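Shown next, in structure tokens, is the structure this report addresses.
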Amino acid sequence: MTKFALLVFKNLTRSKRRTILTILSIAVSLFIFAVLVSLPTFANQMLADTTSSVRLISRTKMGFAYPLPEAYKPRIATIPHVVAVAGLVIYGGIYHEASDQFPSVATDADQIDMWSDWGLTGVDEFKKMKTACLVAQGTMRRFHLHVGQQIQLRGTVYPFNVTLTIVGTIDKGPVPSFLIFRRDYFEEAAGKPGIAHEFWVRVDDSKVVPEVAAAIDHQFANSTAETRSASEAAAIGNILGRYRIFMRLAEFLGLVAVVAIGLVAANTAAMSIRERRSEIAVMRSIGFPSWGILSLLVSESLIVGLSGGAIGCGVAFGLFKVFALNADALGPFVSLHVPPYVLAETLGVAALIGLFSAYVPARAAAKRSIVEALRLVD
């Protein structure tokens with residue numbers, strides 16, 4: 001076994017430039033493959049981590065830009081199984097420059113416990129101070145903010161600014177960078193328009209979410225502002241669904257990259273085996289069995305493939321770890337990582353590239369008769 005390993009190592013280092021370039025080409029393609037295949041995993045994980053089974057969201061059928069009347073809130077609260085209702089307004093202000101935008105919303109202070117699973121701190125202060133706000137950890141790190149600091153957001157959609165005091169943080173939520181302040185402060189600054197872009201509803205049992213959603217939509221059917229209600233997971237999933245076509249395209253492009261490099265690796269392996277015809281002929285003539293030569297050639301190619309796969313996986317995994325240190329390096333994709341099963345898939349693809357790129361030419365060379373092999377020697 002030791003002699004076999006030494007022979008494999010000797011053959012791999014015979015043409016170091018070719019071996020290194022082949023490994024790097026496989027590494028690049030599998031890096032792309034690992035990153036692109038990880039994108040759908042991000043969407044599924046985001047839904048699993050940030051959605052509650054007992055919350056639903058009610059919006060207007062017209063879209064985000066069209067608000068709902070605040071009068072809907074008490075009517076929704078009377079529907080059976082509804083435990084709490086919170087109106088939410090999308091403010092969308094700018095912190096300093098236009099590039100410093102992040103989601104900012106206003107909600108009812110007495111209903112902030114609706115999102116207790118988001119790891120909120122400073123909830124008591126939020127309920128007491130009209131200008132209070134809660135800021136996600138990603139935003140806190142990005143702008144070096146701290147609890148107790150006063151900040152100002154410049155209005156974009158609405159023609160007024162808001163001055164807020166940070167009283168707490170949000171450890172986890174639907175996105176890593178956003179801010180929540182009080183809706184009564186928004187109403188006062190906006191001249192009491194009495195609107196909400198959406199209503200978040202908590203029910204007493206996850207089993208009744210479809211029933212309550214249907215009841216809300218039925219209650220406001222044929223009104224001037226009809227609603228479309230769905231579970232939190234479905235509502236957020238609809239937003240992510242717009243990007244799923246790009247995620248599928250990313251998976252396809254990753255597969256194309258792997259196939260392309262696989263063909264290049266196969267051509268490289270075939271050329272390498274063709275150049276070693278004299279060596280293979282001599283090995284056959286001195287008694288090496290066909291299966292031994294086949295194993296030697298395939299092992300060399302397998303090592304090259306797995307080496308490239310390991311490098312590609314390692315770079316992808318490490319790159320996202322580095323980006324994760326900066327909450328806004330990837331924007332909303334900060335939680336994107338290469339999951340274990342994608343790492344296993346990538347290494348499996350690397351093994352297949354190594355095996356199949358060399359198997360056909362290696363088998364043909366190993367099965368060729370000694371006389372024919374010697375005749376082909378230059």
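Every chain in the structure tokens takes a letter, A first, then B, and so on in the order presented; its residues are numbered from 1, and the ligands are numbered from 1 following the presented order.
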
I'd like the neighbourhood of segment 209-224 of chain A as a list in words, where a residue qualifies if any of its atoms comes within 8 Å (using only C-alpha atoms), though same-chain residues fewer than 3 positions away should be ignored. Val54, Arg55, Leu56, Ser58, Ile76, Ile79, Pro80, His81, Val82, Val203, Asp205, Ser206, Thr227, Arg228, Ser229, Ala230 and Ser231 of chain A

Could you turn the residues from that selection into a file that holds C-alpha atoms, as a PDB file, in the first residue's frame?
```
ATOM      1  CA  VAL A  54     -49.142  31.872  15.514  1.00  0.00           C
ATOM      2  CA  ARG A  55     -48.686  35.171  13.679  1.00  0.00           C
ATOM      3  CA  LEU A  56     -50.252  36.296  10.427  1.00  0.00           C
ATOM      4  CA  SER A  58     -52.812  41.343   6.723  1.00  0.00           C
ATOM      5  CA  ILE A  76     -59.788  42.489  13.458  1.00  0.00           C
ATOM      6  CA  ILE A  79     -62.492  38.000  15.305  1.00  0.00           C
ATOM      7  CA  PRO A  80     -62.475  34.719  17.300  1.00  0.00           C
ATOM      8  CA  HIS A  81     -59.053  33.335  18.288  1.00  0.00           C
ATOM      9  CA  VAL A  82     -57.314  36.718  17.799  1.00  0.00           C
ATOM     10  CA  VAL A 203     -53.796  33.999  17.383  1.00  0.00           C
ATOM     11  CA  ASP A 205     -53.406  28.378  18.125  1.00  0.00           C
ATOM     12  CA  SER A 206     -51.384  27.825  14.958  1.00  0.00           C
ATOM     13  CA  THR A 227     -57.083  42.809   2.446  1.00  0.00           C
ATOM     14  CA  ARG A 228     -54.938  39.809   1.634  1.00  0.00           C
ATOM     15  CA  SER A 229     -54.006  37.915   4.807  1.00  0.00           C
ATOM     16  CA  ALA A 230     -51.631  34.999   5.236  1.00  0.00           C
ATOM     17  CA  SER A 231     -49.435  33.343   7.829  1.00  0.00           C
TER      18      SER A 231
END
```

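Look at segment 59-68 of chain A: the protein and nucleic acid residues within 9 Å of it, using only C-alpha atoms and passing over chain neighbours fewer than 5 places away, are Val89, Ile90, Gly194, Ile195, Ala196, His197, Glu198, Phe199, Ala225, Glu226, Thr227, Arg228, Ser229 and Ala230 of chain A.
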
So, with only C-alpha atoms as the atoms that count, which of A:Asp113, A:Ala344, A:Ala358, A:Ile273 lies closest to Gly305 of chain A?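 Selected residue with least distance to Gly305 of chain A: A:Ala358.
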
Could you please determine the separation between atom CA of Pro339 of chain A and atom CA of Ser38 of chain A in Å, to one decimal place?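 Atom-to-atom, atom CA of Pro339 of chain A and atom CA of Ser38 of chain A are spaced 7.1 Å apart.
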
Shell around segment 264-271 of chain A at 7 Å using only C-alpha atoms, local window under 3 positions removed, as a ChimeraX atom specification: /A:22,260-261,274-275,357-358,361

Distance atom CA of Glu345 of chain A-atom CA of Gly292 of chain A, one decimal place?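 A separation of 28.7 Å between them.
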
Per-residue DSSP, segment 65-123 of chain A, filtered to helix (DSSP H, G or I), as a ChimeraX atom specification: /A:72-77,98-100,109-118,123

Restricting the output to C-alpha atoms, write the selected residues as a tab-separated table (two decimals), in the first residue's frame.
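File produced: out28.tsv:
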```tsv
chain	number	residue	atom	x	y	z
A	72	TYR	CA	-59.54	47.97	10.72
A	73	LYS	CA	-57.56	47.20	13.89
A	74	PRO	CA	-60.47	47.00	16.41
A	75	ARG	CA	-62.55	45.06	13.90
A	76	ILE	CA	-59.79	42.49	13.46
A	77	ALA	CA	-59.46	42.23	17.26
A	98	ALA	CA	-28.71	58.04	0.78
A	99	SER	CA	-26.51	54.94	1.01
A	100	ASP	CA	-27.27	54.68	4.75
A	109	ALA	CA	-46.03	50.51	21.65
A	110	ASP	CA	-48.51	48.45	23.66
A	111	GLN	CA	-48.21	45.57	21.16
A	112	ILE	CA	-44.42	45.38	20.94
A	113	ASP	CA	-44.57	42.04	22.78
A	114	MET	CA	-46.00	40.64	19.55
A	115	TRP	CA	-42.37	40.05	18.50
A	116	SER	CA	-40.94	38.87	21.83
A	117	ASP	CA	-39.29	35.91	20.04
A	118	TRP	CA	-37.02	38.36	18.20
A	123	VAL	CA	-39.17	46.86	25.95
```
